[in-house]
Every structure is written in C-alpha cells, then in structure tokens.
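> Structure in structure tokens, see below.
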Amino acid sequence: MRVLVAGATGAMGAQLVPRLVAAGHEVFAMIRKESDKSRMSQLGAVPVVADALDRAAVEAAVREAAPEVIVHQLTAIGHIDTRRFERSFAATNRLRIEGTDNLLAAARAAGVRRFVAQSNGAFTYDRTGGPVKTEQDPLDRSPVAQMRSLIAAIEHLEKAVLGAGAIEGIVLRYGAFYGPGTSMAPGSEQFELIRRRKFPVVGDGGGVWSFVHIADAAEATVAAVQHGDPGVYNIADDDPAPVAEWLPELAAMLGAKKPLRVPRFIGRLAAGPAGVVLMTELRGASNAKAKRELGWHPAHPTWRQGFEV
C-alpha cells in the first residue's frame, strides 16, 4: 500500500518508517524541513515537504503522495515541565487540533481509505475507579487546570478521526514511551534525574503508569495500518505499575539509590498540580483489545525487562 506518515522525523518515525518499508509498503514521509529529506530517503521513504498547520500545503502533499493510508504521528513534545504542563504541550495540542483537521480534510479530498492517529493513553484516563482502564472507559472528566488543554486536544483528535465518515479511523492510545530517541532512554534527562535522586516519589506513589517500548509501539502501528476494525486501541505493555513500584526498580537498574519520598504538598510546590496527578492519581491502560484484534504482542511485555540498561 501507499502510506503517508505525517510526523516522520521523531522517535516514532525512526522506528515506524523502516518497518513499513520492510513490510512492503510504499512510504511517503511528510516533513517540515528540507534538511530532513536525506534522512527520510535513507530510511526508505519518499519525502514530501509541508507544514502541518498550512492546510493548502498539506493538501498538496497528500495529493502528491496519493496514499491509501495516512498515519498521523504529529507531535512537538520536548522537555516536559510539570509546573508548566500546559506550556509544555501547547505546540502538540495545536497539532492535534489544527494538524488533525488539515490532514483529514486532505484525506477526504484524496480519497484516503484509512487514517491511523497517535493519541495518549498514558496520562488521560479518568482518575476514578479501578487502576487499569479499557478503551470503553472515559478520558478524564475533571482534569486539573494545567491538563485541561491536553485532554481537550486529545478529545478533538479522537472525535474527528473516529467520525471521519467513509474513512476508516483508528486511534492508538500509546502508553508512556521509552527506548531509543525517547525521554526515557540511557543518557536521557529523565534517567539522569533518577540517577541523581532528583525524581522523588510523591505521596503514596499510587499513580499507575502504562509504558510501551517505542519499537513495540511502532509494530502496533504497522498492524493498525494493515488490518483491524476502526476504533480505539490501547498500545501499552502487559504490566501497568504504580510509581512507588516502577521508580525504585528503575533507580536500582541505573545503579542509583532509592528515590526520595516527599509528601503531596511538597510535590505540589516542586512539580505543580499536574506533577502530583502523574505521581499519585494516574490510571493504567489494558492492552487486551490490541492483542486480540490487531494480533499485536509487545516484544517487551514488561518495563522490568525493557528498562534494563
């Protein structure tokens, strides 16, 4: 198939594009910078240049590629400052709203058959009820103020993709990425903070995180390109775990001392309300549907294996 990957230059693109090429697809990489053309060509993709926020440019790029499938991986996530959570996600939120709308408009005009989009299942589920959520559970219905724009942008993306009419819309709610090119990899800032005991456990550390290795997330995305009914799929490993469990284990893997523990009010001062939510109130995500309906099984079924460095 002819597949256009929008947002092909990030950590996901480095894993996804070669896998799509190896699976026999003709891959087009929508990039913003001319300077990225060579790298995309080396990965086996045909580069097409367009700013995702420029609708005319996006429509031209989609016409040029004439894809059967569009994969929407547009993000602009850099360092996440939980004290300024809204600012950290502002550019990505815009891509999830305007970028999604532009890609879908171009997809309709070009007769694209399937549209696969990146969503977030790591930080977004409602913080009530059991510790692990399925795709049937709602997103956070009363997010803290700093996270409202993130949830709103994700809801916009999901509603637009799933309501795209004749286009088969698939939403992939990825867990927290780790592995090459991500913020949780050997030498990364987050690992160094943990190594230096500057990443404490806040409160009871009861927030449940679902992780996914970036390579496993890419494999799931290839599966969603090729088959599976329209709908939402959680893409996470088999081992959702509270912060109080995974953070000390990761510290031990890094050869660091046990993380410090601080009460919630100290955590709120240091990391803001969003940081406290991430540490104490998150819910994990079940991957049962993706395994059952996409035939996907993570090569790193647990972060305990995948985090080993």
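Residue numbers start at 1 in each chain; chains themselves are named A, B, ... in the order of the structure tokens; ligands are numbered from 1 in the order shown.
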Skipping near chain neighbours, those fewer than 6 positions away, what residues fall within 10 Å of Ile80 in chain A using only C-alpha atoms, listed as a list in words?
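The neighbour list is Glu86, Arg87, Ser88, Phe89, Ser183 and Gln190 of chain A.
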> As a PDB file with N, CA and C atoms, in the first residue's frame, please: the residues near range 229-243 of chain A (cut-off 8 Å, only C-alpha atoms, same-chain neighbours under 3 positions excluded).

ATOM      1  N   GLY A 121      -2.687   7.340  25.912  1.00  0.00           N
ATOM      2  CA  GLY A 121      -3.362   6.541  26.926  1.00  0.00           C
ATOM      3  C   GLY A 121      -2.581   6.487  28.222  1.00  0.00           C
ATOM      4  N   VAL A 132      -6.748   0.079  36.224  1.00  0.00           N
ATOM      5  CA  VAL A 132      -6.431  -0.167  34.816  1.00  0.00           C
ATOM      6  C   VAL A 132      -7.690   0.014  33.977  1.00  0.00           C
ATOM      7  N   THR A 134      -9.902   0.269  30.186  1.00  0.00           N
ATOM      8  CA  THR A 134     -10.033  -0.204  28.809  1.00  0.00           C
ATOM      9  C   THR A 134     -10.463   0.954  27.922  1.00  0.00           C
ATOM     10  N   GLU A 135     -10.526   0.686  26.638  1.00  0.00           N
ATOM     11  CA  GLU A 135     -10.915   1.704  25.664  1.00  0.00           C
ATOM     12  C   GLU A 135     -12.346   2.195  25.881  1.00  0.00           C
ATOM     13  N   LEU A 162     -12.466   9.343  14.543  1.00  0.00           N
ATOM     14  CA  LEU A 162     -13.488   8.295  14.605  1.00  0.00           C
ATOM     15  C   LEU A 162     -14.764   8.690  13.873  1.00  0.00           C
ATOM     16  N   GLU A 168     -11.773   4.940   7.314  1.00  0.00           N
ATOM     17  CA  GLU A 168     -11.635   4.047   8.461  1.00  0.00           C
ATOM     18  C   GLU A 168     -10.698   4.705   9.473  1.00  0.00           C
ATOM     19  N   GLY A 169     -11.244   5.180  10.580  1.00  0.00           N
ATOM     20  CA  GLY A 169     -10.448   5.889  11.568  1.00  0.00           C
ATOM     21  C   GLY A 169      -9.995   4.989  12.703  1.00  0.00           C
ATOM     22  N   ILE A 170      -8.696   4.985  12.961  1.00  0.00           N
ATOM     23  CA  ILE A 170      -8.126   4.196  14.052  1.00  0.00           C
ATOM     24  C   ILE A 170      -7.320   5.125  14.957  1.00  0.00           C
ATOM     25  N   VAL A 171      -7.592   5.061  16.246  1.00  0.00           N
ATOM     26  CA  VAL A 171      -6.895   5.860  17.253  1.00  0.00           C
ATOM     27  C   VAL A 171      -6.062   4.924  18.115  1.00  0.00           C
ATOM     28  N   LEU A 172      -4.775   5.224  18.237  1.00  0.00           N
ATOM     29  CA  LEU A 172      -3.870   4.422  19.058  1.00  0.00           C
ATOM     30  C   LEU A 172      -3.504   5.223  20.302  1.00  0.00           C
ATOM     31  N   ARG A 173      -3.984   4.776  21.438  1.00  0.00           N
ATOM     32  CA  ARG A 173      -3.653   5.433  22.705  1.00  0.00           C
ATOM     33  C   ARG A 173      -2.382   4.789  23.262  1.00  0.00           C
ATOM     34  N   TYR A 174      -1.253   5.390  22.928  1.00  0.00           N
ATOM     35  CA  TYR A 174       0.026   4.847  23.359  1.00  0.00           C
ATOM     36  C   TYR A 174       0.243   5.073  24.854  1.00  0.00           C
ATOM     37  N   GLY A 175       0.913   4.116  25.495  1.00  0.00           N
ATOM     38  CA  GLY A 175       1.412   4.322  26.841  1.00  0.00           C
ATOM     39  C   GLY A 175       2.613   5.255  26.812  1.00  0.00           C
ATOM     40  N   ALA A 176       3.238   5.432  27.945  1.00  0.00           N
ATOM     41  CA  ALA A 176       4.415   6.302  28.042  1.00  0.00           C
ATOM     42  C   ALA A 176       5.581   5.648  27.304  1.00  0.00           C
ATOM     43  N   VAL A 201       9.495  10.073  44.687  1.00  0.00           N
ATOM     44  CA  VAL A 201       8.147   9.528  44.770  1.00  0.00           C
ATOM     45  C   VAL A 201       7.311  10.519  45.569  1.00  0.00           C
ATOM     46  N   GLY A 205       2.785   7.510  45.852  1.00  0.00           N
ATOM     47  CA  GLY A 205       3.271   6.982  44.583  1.00  0.00           C
ATOM     48  C   GLY A 205       2.278   6.038  43.933  1.00  0.00           C
ATOM     49  N   GLY A 206       0.984   6.285  44.170  1.00  0.00           N
ATOM     50  CA  GLY A 206      -0.038   5.356  43.698  1.00  0.00           C
ATOM     51  C   GLY A 206      -0.481   5.541  42.257  1.00  0.00           C
ATOM     52  N   GLY A 207       0.039   6.551  41.575  1.00  0.00           N
ATOM     53  CA  GLY A 207      -0.311   6.738  40.173  1.00  0.00           C
ATOM     54  C   GLY A 207       0.160   5.568  39.330  1.00  0.00           C
ATOM     55  N   VAL A 208      -0.744   4.950  38.566  1.00  0.00           N
ATOM     56  CA  VAL A 208      -0.415   3.760  37.774  1.00  0.00           C
ATOM     57  C   VAL A 208      -0.017   4.180  36.360  1.00  0.00           C
ATOM     58  N   TRP A 209       1.175   3.783  35.956  1.00  0.00           N
ATOM     59  CA  TRP A 209       1.692   4.110  34.630  1.00  0.00           C
ATOM     60  C   TRP A 209       1.652   2.877  33.740  1.00  0.00           C
ATOM     61  N   SER A 210       1.276   3.094  32.493  1.00  0.00           N
ATOM     62  CA  SER A 210       1.406   2.071  31.454  1.00  0.00           C
ATOM     63  C   SER A 210       2.474   2.536  30.484  1.00  0.00           C
ATOM     64  N   PHE A 211       3.490   1.722  30.322  1.00  0.00           N
ATOM     65  CA  PHE A 211       4.601   2.034  29.432  1.00  0.00           C
ATOM     66  C   PHE A 211       4.491   1.241  28.132  1.00  0.00           C
ATOM     67  N   VAL A 212       5.230   1.693  27.126  1.00  0.00           N
ATOM     68  CA  VAL A 212       5.391   0.901  25.905  1.00  0.00           C
ATOM     69  C   VAL A 212       6.737   1.251  25.282  1.00  0.00           C
ATOM     70  N   HIS A 213       7.486   0.231  24.926  1.00  0.00           N
ATOM     71  CA  HIS A 213       8.754   0.460  24.226  1.00  0.00           C
ATOM     72  C   HIS A 213       8.446   1.043  22.857  1.00  0.00           C
ATOM     73  N   ALA A 217       5.568   0.042  20.055  1.00  0.00           N
ATOM     74  CA  ALA A 217       4.533   0.975  19.586  1.00  0.00           C
ATOM     75  C   ALA A 217       4.541   1.054  18.067  1.00  0.00           C
ATOM     76  N   ALA A 220       2.895  -2.054  16.617  1.00  0.00           N
ATOM     77  CA  ALA A 220       1.436  -1.964  16.720  1.00  0.00           C
ATOM     78  C   ALA A 220       0.865  -1.042  15.656  1.00  0.00           C
ATOM     79  N   TRP A 246       7.562   1.111  40.073  1.00  0.00           N
ATOM     80  CA  TRP A 246       8.497   1.147  38.950  1.00  0.00           C
ATOM     81  C   TRP A 246       9.657   2.116  39.164  1.00  0.00           C
ATOM     82  N   LEU A 247       9.441   3.214  39.869  1.00  0.00           N
ATOM     83  CA  LEU A 247      10.511   4.193  40.022  1.00  0.00           C
ATOM     84  C   LEU A 247      11.682   3.654  40.851  1.00  0.00           C
ATOM     85  N   MET A 279       1.996  11.440  39.609  1.00  0.00           N
ATOM     86  CA  MET A 279       2.614  10.596  40.624  1.00  0.00           C
ATOM     87  C   MET A 279       1.615   9.819  41.475  1.00  0.00           C
ATOM     88  N   THR A 280       0.426  10.337  41.646  1.00  0.00           N
ATOM     89  CA  THR A 280      -0.469   9.763  42.652  1.00  0.00           C
ATOM     90  C   THR A 280      -1.828   9.296  42.143  1.00  0.00           C
ATOM     91  N   GLY A 284      -3.793   3.144  34.706  1.00  0.00           N
ATOM     92  CA  GLY A 284      -3.123   2.445  33.626  1.00  0.00           C
ATOM     93  C   GLY A 284      -4.084   2.056  32.514  1.00  0.00           C
ATOM     94  N   ALA A 285      -3.551   1.371  31.497  1.00  0.00           N
ATOM     95  CA  ALA A 285      -4.342   1.013  30.314  1.00  0.00           C
ATOM     96  C   ALA A 285      -4.168  -0.462  29.979  1.00  0.00           C
ATOM     97  N   SER A 286      -5.274  -1.136  29.725  1.00  0.00           N
ATOM     98  CA  SER A 286      -5.248  -2.546  29.319  1.00  0.00           C
ATOM     99  C   SER A 286      -4.971  -2.655  27.827  1.00  0.00           C
ATOM    100  N   ASN A 287      -4.100  -3.582  27.451  1.00  0.00           N
ATOM    101  CA  ASN A 287      -3.783  -3.790  26.035  1.00  0.00           C
ATOM    102  C   ASN A 287      -4.517  -4.984  25.430  1.00  0.00           C
ATOM    103  N   LYS A 289      -7.423  -5.504  24.043  1.00  0.00           N
ATOM    104  CA  LYS A 289      -8.088  -5.334  22.758  1.00  0.00           C
ATOM    105  C   LYS A 289      -7.086  -5.336  21.609  1.00  0.00           C
ATOM    106  N   ALA A 290      -5.975  -4.625  21.769  1.00  0.00           N
ATOM    107  CA  ALA A 290      -4.969  -4.580  20.705  1.00  0.00           C
ATOM    108  C   ALA A 290      -4.379  -5.961  20.453  1.00  0.00           C
ATOM    109  N   GLU A 293      -7.419  -7.988  18.717  1.00  0.00           N
ATOM    110  CA  GLU A 293      -7.956  -7.570  17.418  1.00  0.00           C
ATOM    111  C   GLU A 293      -6.900  -7.131  16.412  1.00  0.00           C
ATOM    112  N   PRO A 298       3.561  -7.223  22.475  1.00  0.00           N
ATOM    113  CA  PRO A 298       4.811  -6.481  22.654  1.00  0.00           C
ATOM    114  C   PRO A 298       6.002  -7.402  22.880  1.00  0.00           C
ATOM    115  N   HIS A 300       8.545  -6.401  24.343  1.00  0.00           N
ATOM    116  CA  HIS A 300       8.941  -6.029  25.708  1.00  0.00           C
ATOM    117  C   HIS A 300       7.655  -6.020  26.546  1.00  0.00           C
ATOM    118  N   PRO A 301       7.214  -7.181  27.036  1.00  0.00           N
ATOM    119  CA  PRO A 301       5.912  -7.241  27.706  1.00  0.00           C
ATOM    120  C   PRO A 301       5.882  -6.526  29.051  1.00  0.00           C
ATOM    121  N   THR A 302       7.048  -6.230  29.593  1.00  0.00           N
ATOM    122  CA  THR A 302       7.096  -5.505  30.855  1.00  0.00           C
ATOM    123  C   THR A 302       8.257  -4.521  30.853  1.00  0.00           C
ATOM    124  N   TRP A 303       8.020  -3.378  31.473  1.00  0.00           N
ATOM    125  CA  TRP A 303       9.075  -2.379  31.635  1.00  0.00           C
ATOM    126  C   TRP A 303      10.231  -2.940  32.440  1.00  0.00           C
TER     127      TRP A 303
END
> Could you pull out the residues in range 57-186 of chain A that DSSP calls helix (DSSP H, G or I) from the backbone, as number ranges by chain?
A: 57-65, 82-88, 90-110, 145-162
> Excluding range 60-75 of chain A and its own-chain neighbours fewer than 2 positions away, which residues fall within 7 Å of it when counting only C-alpha atoms? Please give them as an NGL selection string.
:A and (1-7 or 28 or 48-50 or 56-58 or 77 or 92 or 95 or 106 or 110 or 112-118 or 225)
> When you look at range 39-44 of chain A with a cut-off of 12 Å (counting only C-alpha atoms), what residues show up, excluding the ones that are within fewer than 6 positions of it in the same chain? I need them as a ChimeraX atom specification.
/A:5-10,13-33
> Using only C-alpha atoms, can you tell me which of A:His156, A:His297, A:Arg268, A:His79 comes closest to Arg94 in chain A?
A:His156
> Of the residues A:Ala52, A:Val222, A:Ile194, A:Val276, which is the one nearest to Pro259 in chain A, using only C-alpha atoms?
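Checking each candidate against Pro259 in chain A, we get A:Ile194 as the closest.
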> Pick out each residue of range 78-289 of chain A that DSSP on the backbone tags as strand (DSSP E or B); I need them as JSON, numbers by chain.
{"A": [114, 115, 116, 117, 118, 119, 120, 125, 132, 133, 139, 168, 169, 170, 171, 172, 173, 174, 176, 177, 178, 201, 202, 208, 209, 211, 212, 213, 231, 232, 233, 234, 235, 241, 242, 261, 262, 284, 285]}
> How would the residues just picked look written out with N, CA, C and O atoms as a compact mmCIF listing (two decimals), in the first residue's frame?

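result.txt written:
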# COMPACT_ATOMS: atom_id res chain seq x y z
N ARG A 114 -7.87 4.79 4.91
CA ARG A 114 -7.67 4.54 6.35
C ARG A 114 -6.81 5.64 6.95
O ARG A 114 -5.89 6.16 6.31
N PHE A 115 -7.10 6.00 8.20
CA PHE A 115 -6.40 7.08 8.89
C PHE A 115 -6.08 6.59 10.29
O PHE A 115 -6.97 6.30 11.08
N VAL A 116 -4.78 6.47 10.60
CA VAL A 116 -4.32 5.96 11.90
C VAL A 116 -3.66 7.12 12.64
O VAL A 116 -2.74 7.76 12.12
N ALA A 117 -4.12 7.40 13.86
CA ALA A 117 -3.65 8.59 14.57
C ALA A 117 -3.12 8.26 15.95
O ALA A 117 -3.68 7.43 16.68
N GLN A 118 -2.05 8.97 16.32
CA GLN A 118 -1.48 8.85 17.66
C GLN A 118 -2.32 9.61 18.68
O GLN A 118 -2.62 10.78 18.51
N SER A 119 -2.70 8.91 19.74
CA SER A 119 -3.34 9.54 20.88
C SER A 119 -2.53 9.19 22.12
O SER A 119 -1.42 8.67 22.03
N ASN A 120 -3.07 9.46 23.29
CA ASN A 120 -2.34 9.28 24.53
C ASN A 120 -3.19 8.49 25.52
O ASN A 120 -4.27 8.93 25.90
N TYR A 125 -6.72 8.95 31.15
CA TYR A 125 -7.95 8.29 31.59
C TYR A 125 -8.50 8.92 32.87
O TYR A 125 -7.77 9.52 33.66
N VAL A 132 -6.75 0.08 36.22
CA VAL A 132 -6.43 -0.17 34.82
C VAL A 132 -7.69 0.01 33.98
O VAL A 132 -8.74 -0.56 34.27
N LYS A 133 -7.58 0.80 32.91
CA LYS A 133 -8.74 1.18 32.10
C LYS A 133 -8.71 0.50 30.72
O LYS A 133 -7.64 0.23 30.17
N LEU A 139 -12.15 9.34 29.13
CA LEU A 139 -10.99 10.16 29.47
C LEU A 139 -11.34 11.02 30.68
O LEU A 139 -12.50 11.07 31.11
N GLU A 168 -11.77 4.94 7.31
CA GLU A 168 -11.63 4.05 8.46
C GLU A 168 -10.70 4.71 9.47
O GLU A 168 -9.50 4.79 9.25
N GLY A 169 -11.24 5.18 10.58
CA GLY A 169 -10.45 5.89 11.57
C GLY A 169 -10.00 4.99 12.70
O GLY A 169 -10.81 4.30 13.33
N ILE A 170 -8.70 4.98 12.96
CA ILE A 170 -8.13 4.20 14.05
C ILE A 170 -7.32 5.12 14.96
O ILE A 170 -6.47 5.89 14.48
N VAL A 171 -7.59 5.06 16.25
CA VAL A 171 -6.90 5.86 17.25
C VAL A 171 -6.06 4.92 18.11
O VAL A 171 -6.59 3.95 18.66
N LEU A 172 -4.77 5.22 18.24
CA LEU A 172 -3.87 4.42 19.06
C LEU A 172 -3.50 5.22 20.30
O LEU A 172 -2.81 6.24 20.21
N ARG A 173 -3.98 4.78 21.44
CA ARG A 173 -3.65 5.43 22.71
C ARG A 173 -2.38 4.79 23.26
O ARG A 173 -2.43 3.78 23.95
N TYR A 174 -1.25 5.39 22.93
CA TYR A 174 0.03 4.85 23.36
C TYR A 174 0.24 5.07 24.85
O TYR A 174 -0.13 6.11 25.41
N ALA A 176 3.24 5.43 27.94
CA ALA A 176 4.42 6.30 28.04
C ALA A 176 5.58 5.65 27.30
O ALA A 176 5.97 4.51 27.61
N PHE A 177 6.12 6.35 26.33
CA PHE A 177 7.21 5.80 25.53
C PHE A 177 8.51 5.70 26.33
O PHE A 177 8.85 6.58 27.12
N TYR A 178 9.24 4.62 26.07
CA TYR A 178 10.64 4.55 26.50
C TYR A 178 11.42 3.84 25.40
O TYR A 178 10.84 3.22 24.50
N VAL A 201 9.49 10.07 44.69
CA VAL A 201 8.15 9.53 44.77
C VAL A 201 7.31 10.52 45.57
O VAL A 201 7.67 10.90 46.68
N VAL A 202 6.21 10.97 44.99
CA VAL A 202 5.34 11.94 45.65
C VAL A 202 4.19 11.21 46.32
O VAL A 202 3.55 10.34 45.71
N VAL A 208 -0.74 4.95 38.57
CA VAL A 208 -0.42 3.76 37.77
C VAL A 208 -0.02 4.18 36.36
O VAL A 208 -0.79 4.85 35.66
N TRP A 209 1.17 3.78 35.96
CA TRP A 209 1.69 4.11 34.63
C TRP A 209 1.65 2.88 33.74
O TRP A 209 1.97 1.77 34.17
N PHE A 211 3.49 1.72 30.32
CA PHE A 211 4.60 2.03 29.43
C PHE A 211 4.49 1.24 28.13
O PHE A 211 3.78 0.24 28.05
N VAL A 212 5.23 1.69 27.13
CA VAL A 212 5.39 0.90 25.91
C VAL A 212 6.74 1.25 25.28
O VAL A 212 7.10 2.42 25.18
N HIS A 213 7.49 0.23 24.93
CA HIS A 213 8.75 0.46 24.23
C HIS A 213 8.45 1.04 22.86
O HIS A 213 7.50 0.61 22.18
N GLY A 231 -11.64 2.18 15.28
CA GLY A 231 -11.89 2.31 16.71
C GLY A 231 -10.66 2.72 17.46
O GLY A 231 -9.65 3.13 16.89
N VAL A 232 -10.72 2.58 18.77
CA VAL A 232 -9.65 2.98 19.68
C VAL A 232 -8.95 1.74 20.21
O VAL A 232 -9.59 0.74 20.55
N TYR A 233 -7.62 1.82 20.30
CA TYR A 233 -6.82 0.72 20.82
C TYR A 233 -5.78 1.27 21.80
O TYR A 233 -5.04 2.20 21.46
N ASN A 234 -5.72 0.68 22.99
CA ASN A 234 -4.61 0.98 23.90
C ASN A 234 -3.38 0.23 23.46
O ASN A 234 -3.43 -1.00 23.26
N ILE A 235 -2.27 0.94 23.34
CA ILE A 235 -1.00 0.32 22.95
C ILE A 235 -0.04 0.49 24.13
O ILE A 235 0.60 1.54 24.29
N ALA A 241 1.94 -0.34 36.32
CA ALA A 241 2.54 -0.36 37.66
C ALA A 241 2.50 1.01 38.30
O ALA A 241 2.67 2.03 37.63
N PRO A 242 2.30 1.06 39.62
CA PRO A 242 2.33 2.35 40.31
C PRO A 242 3.74 2.91 40.37
O PRO A 242 4.73 2.18 40.35
N ARG A 261 11.31 10.25 49.04
CA ARG A 261 9.86 10.34 49.13
C ARG A 261 9.49 11.68 49.73
O ARG A 261 10.08 12.11 50.73
N VAL A 262 8.51 12.35 49.11
CA VAL A 262 8.08 13.66 49.62
C VAL A 262 6.56 13.66 49.72
O VAL A 262 5.87 12.99 48.95
N GLY A 284 -3.79 3.14 34.71
CA GLY A 284 -3.12 2.45 33.63
C GLY A 284 -4.08 2.06 32.51
O GLY A 284 -5.28 2.36 32.56
N ALA A 285 -3.55 1.37 31.50
CA ALA A 285 -4.34 1.01 30.31
C ALA A 285 -4.17 -0.46 29.98
O ALA A 285 -3.05 -0.97 29.93
> From the list A:Gly111, A:Gly203, A:Gly99, A:Gly179, which residue is nearest Ala218 in chain A when using only C-alpha atoms?
A:Gly179
> Mind giving me the straight-line distance from CA of Leu150 in chain A to CA of Ala90 in chain A in Å, one decimal?
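It comes out at 8.0 Å.
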> Just give me the gap between CA of Ala166 in chain A and CA of Arg108 in chain A in Å, one decimal is fine.
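Computing the Euclidean distance for CA of Ala166 in chain A and CA of Arg108 in chain A yields 8.4 Å.
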> Quick one: residues within 9 Å of Thr124 in chain A, only C-alpha atoms counted, chain neighbours fewer than 2 positions away excluded, as a CSV table (one decimal) with all heavy atoms, in the first residue's frame?

chain,number,residue,atom,x,y,z
A,120,ASN,N,-3.1,9.5,23.3
A,120,ASN,CA,-2.3,9.3,24.5
A,120,ASN,C,-3.2,8.5,25.5
A,120,ASN,O,-4.3,8.9,25.9
A,120,ASN,CB,-2.0,10.7,25.1
A,120,ASN,CG,-1.1,10.6,26.3
A,120,ASN,OD1,-1.4,9.8,27.3
A,120,ASN,ND2,0.0,11.3,26.3
A,121,GLY,N,-2.7,7.3,25.9
A,121,GLY,CA,-3.4,6.5,26.9
A,121,GLY,C,-2.6,6.5,28.2
A,121,GLY,O,-2.9,5.7,29.1
A,122,ALA,N,-1.5,7.3,28.3
A,122,ALA,CA,-0.7,7.3,29.5
A,122,ALA,C,-1.1,8.2,30.6
A,122,ALA,O,-1.0,7.9,31.8
A,122,ALA,CB,0.8,7.6,29.1
A,126,ASP,N,-9.8,8.7,33.1
A,126,ASP,CA,-10.5,9.3,34.3
A,126,ASP,C,-9.8,8.7,35.5
A,126,ASP,O,-9.5,7.5,35.5
A,126,ASP,CB,-11.9,8.9,34.2
A,126,ASP,CG,-12.8,9.7,35.2
A,126,ASP,OD1,-12.9,10.9,35.0
A,126,ASP,OD2,-13.2,9.1,36.2
A,127,ARG,N,-9.6,9.5,36.5
A,127,ARG,CA,-8.9,9.1,37.7
A,127,ARG,C,-9.7,8.5,38.8
A,127,ARG,O,-9.4,8.7,40.0
A,127,ARG,CB,-8.0,10.3,38.2
A,127,ARG,CG,-7.0,10.7,37.2
A,127,ARG,CD,-6.3,12.1,37.6
A,127,ARG,NE,-7.2,13.2,37.3
A,127,ARG,CZ,-7.6,14.1,38.2
A,127,ARG,NH1,-7.1,14.1,39.4
A,127,ARG,NH2,-8.4,15.1,37.8
A,138,PRO,N,-14.0,6.4,30.1
A,138,PRO,CA,-13.9,7.7,29.6
A,138,PRO,C,-12.5,8.3,29.9
A,138,PRO,O,-11.8,7.9,30.8
A,138,PRO,CB,-14.9,8.5,30.4
A,138,PRO,CG,-15.1,7.7,31.7
A,138,PRO,CD,-14.9,6.2,31.3
A,139,LEU,N,-12.1,9.3,29.1
A,139,LEU,CA,-11.0,10.2,29.5
A,139,LEU,C,-11.3,11.0,30.7
A,139,LEU,O,-12.5,11.1,31.1
A,139,LEU,CB,-10.6,11.0,28.3
A,139,LEU,CG,-10.2,10.3,27.0
A,139,LEU,CD1,-9.8,11.3,25.9
A,139,LEU,CD2,-9.1,9.3,27.2
A,140,ASP,N,-10.3,11.6,31.2
A,140,ASP,CA,-10.5,12.4,32.5
A,140,ASP,C,-11.6,13.4,32.3
A,140,ASP,O,-11.5,14.4,31.5
A,140,ASP,CB,-9.2,13.1,32.8
A,140,ASP,CG,-9.1,13.5,34.3
A,140,ASP,OD1,-10.2,13.7,34.9
A,140,ASP,OD2,-8.0,13.7,34.8
A,143,PRO,N,-10.2,17.1,34.7
A,143,PRO,CA,-8.7,17.3,34.8
A,143,PRO,C,-8.3,18.5,35.6
A,143,PRO,O,-9.1,19.5,35.6
A,143,PRO,CB,-8.3,17.4,33.3
A,143,PRO,CG,-9.5,17.9,32.6
A,143,PRO,CD,-10.6,17.3,33.3
A,147,MET,N,-4.0,20.5,32.9
A,147,MET,CA,-4.1,19.4,31.9
A,147,MET,C,-5.3,19.5,31.1
A,147,MET,O,-5.5,18.6,30.2
A,147,MET,CB,-4.1,18.0,32.7
A,147,MET,CG,-2.8,17.8,33.5
A,147,MET,SD,-2.7,16.2,34.4
A,147,MET,CE,-2.4,15.1,33.1
A,150,LEU,N,-4.6,19.6,27.2
A,150,LEU,CA,-4.1,18.4,26.7
A,150,LEU,C,-5.3,17.4,26.5
A,150,LEU,O,-5.4,16.8,25.4
A,150,LEU,CB,-3.2,17.7,27.7
A,150,LEU,CG,-2.8,16.3,27.5
A,150,LEU,CD1,-2.0,16.1,26.2
A,150,LEU,CD2,-2.1,15.7,28.7
A,151,ILE,N,-6.2,17.3,27.5
A,151,ILE,CA,-7.3,16.4,27.3
A,151,ILE,C,-8.3,16.9,26.2
A,151,ILE,O,-8.8,16.1,25.4
A,151,ILE,CB,-8.1,16.3,28.7
A,151,ILE,CG1,-7.2,15.8,29.8
A,151,ILE,CG2,-9.3,15.4,28.5
A,151,ILE,CD1,-6.7,14.4,29.6
A,154,ILE,N,-6.8,16.0,22.8
A,154,ILE,CA,-6.9,14.6,22.5
A,154,ILE,C,-8.4,14.2,22.2
A,154,ILE,O,-8.6,13.4,21.3
A,154,ILE,CB,-6.4,13.8,23.7
A,154,ILE,CG1,-4.9,13.9,23.7
A,154,ILE,CG2,-6.8,12.3,23.6
A,154,ILE,CD1,-4.2,13.3,25.0
A,282,LEU,N,-2.8,8.7,38.4
A,282,LEU,CA,-3.0,8.2,37.1
A,282,LEU,C,-3.6,6.8,37.1
A,282,LEU,O,-3.5,6.0,38.1
A,282,LEU,CB,-1.6,8.1,36.4
A,282,LEU,CG,-1.0,9.3,35.8
A,282,LEU,CD1,0.2,8.9,34.9
A,282,LEU,CD2,-2.0,10.1,35.0
A,283,ARG,N,-4.3,6.4,36.0
A,283,ARG,CA,-4.8,5.0,35.8
A,283,ARG,C,-4.0,4.4,34.6
A,283,ARG,O,-3.7,5.1,33.7
A,283,ARG,CB,-6.3,5.0,35.6
A,283,ARG,CG,-7.1,5.6,36.8
A,283,ARG,CD,-6.8,4.7,38.0
A,283,ARG,NE,-7.8,5.0,39.1
A,283,ARG,CZ,-7.7,5.8,40.1
A,283,ARG,NH1,-6.6,6.6,40.1
A,283,ARG,NH2,-8.6,6.0,41.0
> Do you have the CA of Arg148 in chain A-CA of Thr82 in chain A distance handy?
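Rounded to one decimal, the two atoms are 13.3 Å apart.
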